[in-house]
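Remarks on the structure that follows.
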Amino acid sequence: MPETYEVGLLGHGTVGSAFAELLSDRAPQIETITGLRPRISGVLTRSRGDFDEILAASDLIVEVMGGVDPARDYVLRALRAGKHVVTANKQLLAQHGEELWAAAREHQVQLRFEAAVGGVVPVIRVVQETLAAAHIDRVTGIVNGTTNFILSEMARTGQSYEEALAEAQRLGYAEADPTADVSGADAAAKMAILARLAFDTPVHLDQVVYEGIEQITPDDLEYAREFGLGLKLIGTAERIDGGLSVRVHPAFLYGGHPLASVNGPFNAVTIESPAITEITLSGPGAGGPQTASAVLGDVISAMIPPASTPETSQSLPIVKDVESAFYLHLEVDDEPGVLARVAAALGEQGVSVKSVVQKGMGAQARLVMVLHRAPEQRFLAAVDQIGGLEFMRSRPRFIRVVEEEYGV
Ligand SMILES: NC(=O)c1ccc[n+]([C@@H]2O[C@H](COP(=O)([O-])OP(=O)(O)OC[C@H]3O[C@@H](n4cnc5c(N)ncnc54)[C@H](OP(=O)(O)O)[C@@H]3O)[C@@H](O)[C@H]2O)c1
């Protein structure tokens, strides 16, 4: 009989049940790689299993329950008992990562979490291992498949946000309560984890500013197409003036950006560093079998050589005011001088216009423009002033534009 490697499974839902099945399928191959045959030592759900018994019987714990409590307590107890832990839980790491990584270091065990960001896209490994020697300047990502599917559908079919969300729910890409996805909160947790690893500084979920996609209209997508732009929910983590900014918001991309062609429920992350220019990784960001595959990959890695998340060696300040380019959409009365007054308000704040489309519709007109990069606070001050002008028919709408393109 081969020697076994006992895996305790916390959670048996979408990911947990797919993981149990994959592990039993792949056990013979894993034995040829590691010399040990993995098997499930016990399963914990709300209705079955006992955590202490599972812990005592396991070499490694897989946490795919989700949520912060009691997952945090179970993971800490497993690490303190000298067991490796593999988790897919971004909320837990984005809020309590430092405590958990410290416990793993103290007890000389591994805490692996590839599936917590980007599903099966191996971004954690690439940032922690492959690019360990690179000085990463910026990480940009589409890290939520639900919102990417909704925005892709809106662009492809002209559907409203509500219609595309209903379609996502029908196809199983969005949950019955989609709030965590569409509000940007899920992506914010993933960007906090990526930023922590890429920049070697503690980053808590509370420090990530985020906006969702609930306010996006088909109009925005249609006008943007005229400028050659496509809309994505983009997470950005970047070094700015010796500090760090981590944020999630809808943003337009030009066609040459590596994330511009990522459509449907896919995830992708672009990592930029002077040494490597950029690397983009993409693939399925969720799904039971896909996520289970990333979890099992971590289990196999934990069975072979040790790796740990080192303590951060610095504490970078979080930068609040960043520079962005913007798309600005104004509903105005169709009268002479409107464009000049809008341009003057922008000019007063040092914001310059890159391109404009103006459409008359009887007594009303629509003024849509793309602006050059400017400090966000200055742009917002200009928008405030424009919003108060007497010819405005509704509140100005604006969305950030990512200007970078590669390989064009
Ligand atoms: N689904 C995906 O595509 C995906 C992708 C990437 C990462 N993840 C992450 O993977 C984790 C699991 O997601 P999932 O979609 O598999 O969730 P899920 O389908 O809701 O399953 C959760 C499982 O955990 C169990 N559980 C929850 N709270 C528990 C508690 N207090 N005590 C004991 N058992 C408890 C549930 O037990 P019951 O069956 O008794 O309710 C269920 O078996 C989450 O952290 C999620 O963010 C998921």
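Naming works like this for the structure tokens: A, B, ... for the chains as they're shown, residue 1 at the start of each chain, ligands 1 onward in shown order.
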Residues near Leu171 of chain A, cut-off 12 Å, only C-alpha atoms, skip fewer than 4 positions along chain, as a PyMOL selection string: chain A and resi 146+149-150+164-167+175-176+264-265+287
So that I can check the surroundings of Gly49 of chain A, please list as a ChimeraX atom specification every protein, DNA and RNA residue that reaches within 12 Å of it, counting only C-alpha atoms and ignoring chain neighbours fewer than 3 positions away. /A:8-12,41-46,52-55
Could you take the residues named above and write them with C-alpha atoms, as an mmCIF file, in the first residue's frame?
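This is the output file selection-v7.cif:
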```
data_model
loop_
_atom_site.group_PDB
_atom_site.id
_atom_site.type_symbol
_atom_site.label_atom_id
_atom_site.label_comp_id
_atom_site.auth_asym_id
_atom_site.auth_seq_id
_atom_site.Cartn_x
_atom_site.Cartn_y
_atom_site.Cartn_z
ATOM 1 C CA GLY A 8 -9.016 17.683 5.340
ATOM 2 C CA LEU A 9 -11.705 19.469 3.326
ATOM 3 C CA LEU A 10 -13.569 22.438 4.852
ATOM 4 C CA GLY A 11 -16.541 23.160 2.564
ATOM 5 C CA HIS A 12 -18.235 20.918 0.022
ATOM 6 C CA SER A 41 -9.454 12.549 5.483
ATOM 7 C CA GLY A 42 -12.781 14.233 6.305
ATOM 8 C CA VAL A 43 -15.273 16.824 5.067
ATOM 9 C CA LEU A 44 -16.758 19.686 7.067
ATOM 10 C CA THR A 45 -20.017 21.432 6.097
ATOM 11 C CA ARG A 46 -22.684 23.059 8.238
ATOM 12 C CA ASP A 52 -11.044 18.955 15.518
ATOM 13 C CA GLU A 53 -11.322 15.379 14.317
ATOM 14 C CA ILE A 54 -10.575 16.396 10.709
ATOM 15 C CA LEU A 55 -7.594 18.490 11.810
#
```
Let me see if you get this right: every residue at most 9 Å from ligand 1, counting only C-alpha atoms and all ligand atoms, written as a compact mmCIF listing (two decimals) with C-alpha atoms, in the first residue's frame.
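pocket_4.txt written:
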```
# COMPACT_ATOMS: atom_id res chain seq x y z
CA LEU A 10 -13.57 22.44 4.85
CA GLY A 11 -16.54 23.16 2.56
CA HIS A 12 -18.24 20.92 0.02
CA GLY A 13 -20.06 23.39 -2.24
CA THR A 14 -19.24 24.40 -5.83
CA VAL A 15 -15.47 24.29 -5.33
CA GLY A 16 -15.24 21.71 -2.52
CA SER A 17 -17.25 19.01 -4.29
CA ALA A 18 -15.32 19.55 -7.56
CA VAL A 43 -15.27 16.82 5.07
CA LEU A 44 -16.76 19.69 7.07
CA THR A 45 -20.02 21.43 6.10
CA ARG A 46 -22.68 23.06 8.24
CA SER A 47 -24.39 19.70 8.61
CA ARG A 48 -21.55 17.20 8.78
CA GLY A 49 -18.03 16.66 10.09
CA PHE A 51 -13.26 20.27 12.69
CA GLU A 63 -10.47 25.74 3.15
CA VAL A 64 -13.19 26.31 0.54
CA MET A 65 -15.99 27.43 2.87
CA GLY A 66 -15.74 31.14 2.13
CA GLY A 67 -16.52 34.02 4.50
CA VAL A 68 -14.32 35.32 7.31
CA ASP A 69 -15.84 33.54 10.32
CA PRO A 70 -15.31 30.74 11.17
CA ALA A 71 -12.84 30.29 8.26
CA THR A 87 -7.48 28.35 0.60
CA ALA A 88 -9.52 29.98 -2.18
CA ASN A 89 -10.84 32.65 0.18
CA LYS A 90 -10.01 36.19 -1.02
CA GLN A 91 -12.11 37.94 1.64
CA LEU A 92 -10.21 36.16 4.39
CA ALA A 115 -7.40 30.11 -6.39
CA ALA A 116 -8.20 33.24 -4.34
CA VAL A 117 -7.24 35.55 -7.27
CA GLY A 118 -8.13 34.89 -10.89
CA GLY A 119 -9.45 31.34 -10.37
CA VAL A 120 -7.16 29.04 -12.31
CA TYR A 173 -22.14 33.51 -14.09
CA ASP A 186 -14.94 41.12 -4.89
CA GLY A 285 -11.65 33.20 -13.32
CA ALA A 286 -14.18 30.96 -11.61
CA GLY A 287 -16.20 27.77 -11.83
CA GLY A 288 -16.07 24.65 -9.66
CA PRO A 289 -13.75 22.40 -11.73
CA GLN A 290 -11.52 25.31 -12.78
CA THR A 291 -11.05 26.62 -9.25
CA ALA A 292 -10.65 23.08 -7.92
```
Tell me which protein, DNA and RNA residues are within 8 Å of Ile136 of chain A, counting only C-alpha atoms, leaving out same-chain ones fewer than 4 positions away, and put them as a VMD selection string. chain A and resid 198 to 199 271 to 274
Write out the residues from the selection above, keeping N, CA and C atoms, as an mmCIF file, in the first residue's frame.
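Wrote result-v9.cif, looks like this:
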```cif
data_model
loop_
_atom_site.group_PDB
_atom_site.id
_atom_site.type_symbol
_atom_site.label_atom_id
_atom_site.label_comp_id
_atom_site.auth_asym_id
_atom_site.auth_seq_id
_atom_site.Cartn_x
_atom_site.Cartn_y
_atom_site.Cartn_z
ATOM 1 N N ALA A 198 2.801 42.003 -4.890
ATOM 2 C CA ALA A 198 3.606 42.666 -5.918
ATOM 3 C C ALA A 198 4.509 43.741 -5.329
ATOM 4 N N PHE A 199 4.040 44.411 -4.263
ATOM 5 C CA PHE A 199 4.781 45.573 -3.771
ATOM 6 C C PHE A 199 5.386 45.357 -2.390
ATOM 7 N N ILE A 271 0.953 42.429 -15.725
ATOM 8 C CA ILE A 271 1.964 42.833 -14.740
ATOM 9 C C ILE A 271 3.035 43.602 -15.498
ATOM 10 N N GLU A 272 3.363 44.810 -15.016
ATOM 11 C CA GLU A 272 4.350 45.634 -15.714
ATOM 12 C C GLU A 272 5.569 45.863 -14.837
ATOM 13 N N SER A 273 6.729 45.738 -15.462
ATOM 14 C CA SER A 273 7.992 45.974 -14.775
ATOM 15 C C SER A 273 9.003 46.355 -15.848
ATOM 16 N N PRO A 274 9.918 47.283 -15.547
ATOM 17 C CA PRO A 274 10.878 47.689 -16.584
ATOM 18 C C PRO A 274 11.626 46.480 -17.148
#
```
List as number ranges by chain the protein and nucleic acid residues near segment 234-249 of chain A, meaning an atom at most 6 Å away when only C-alpha atoms are counted, but skip any in the same chain fewer than 6 places from it. A: 137-142, 195, 208-211, 316-319
Just write the chosen residues, C-alpha atoms, as a compact mmCIF listing (two decimals), in the first residue's frame.
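Wrote result37.txt, looks like this:
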```txt
# COMPACT_ATOMS: atom_id res chain seq x y z
CA ASP A 137 5.50 48.95 -11.13
CA ARG A 138 1.90 48.16 -11.88
CA VAL A 139 -0.61 45.32 -11.86
CA THR A 140 -3.80 45.82 -13.86
CA GLY A 141 -6.49 43.19 -13.91
CA ILE A 142 -9.92 42.03 -14.92
CA ALA A 195 -0.85 44.53 -4.36
CA VAL A 208 -8.79 49.76 -1.73
CA VAL A 209 -11.10 52.34 -3.30
CA TYR A 210 -13.71 50.74 -5.52
CA GLU A 211 -16.65 51.50 -7.81
CA LEU A 316 4.35 52.16 1.68
CA PRO A 317 1.90 55.07 2.06
CA ILE A 318 -1.41 54.85 0.18
CA VAL A 319 -1.70 57.64 -2.41
```
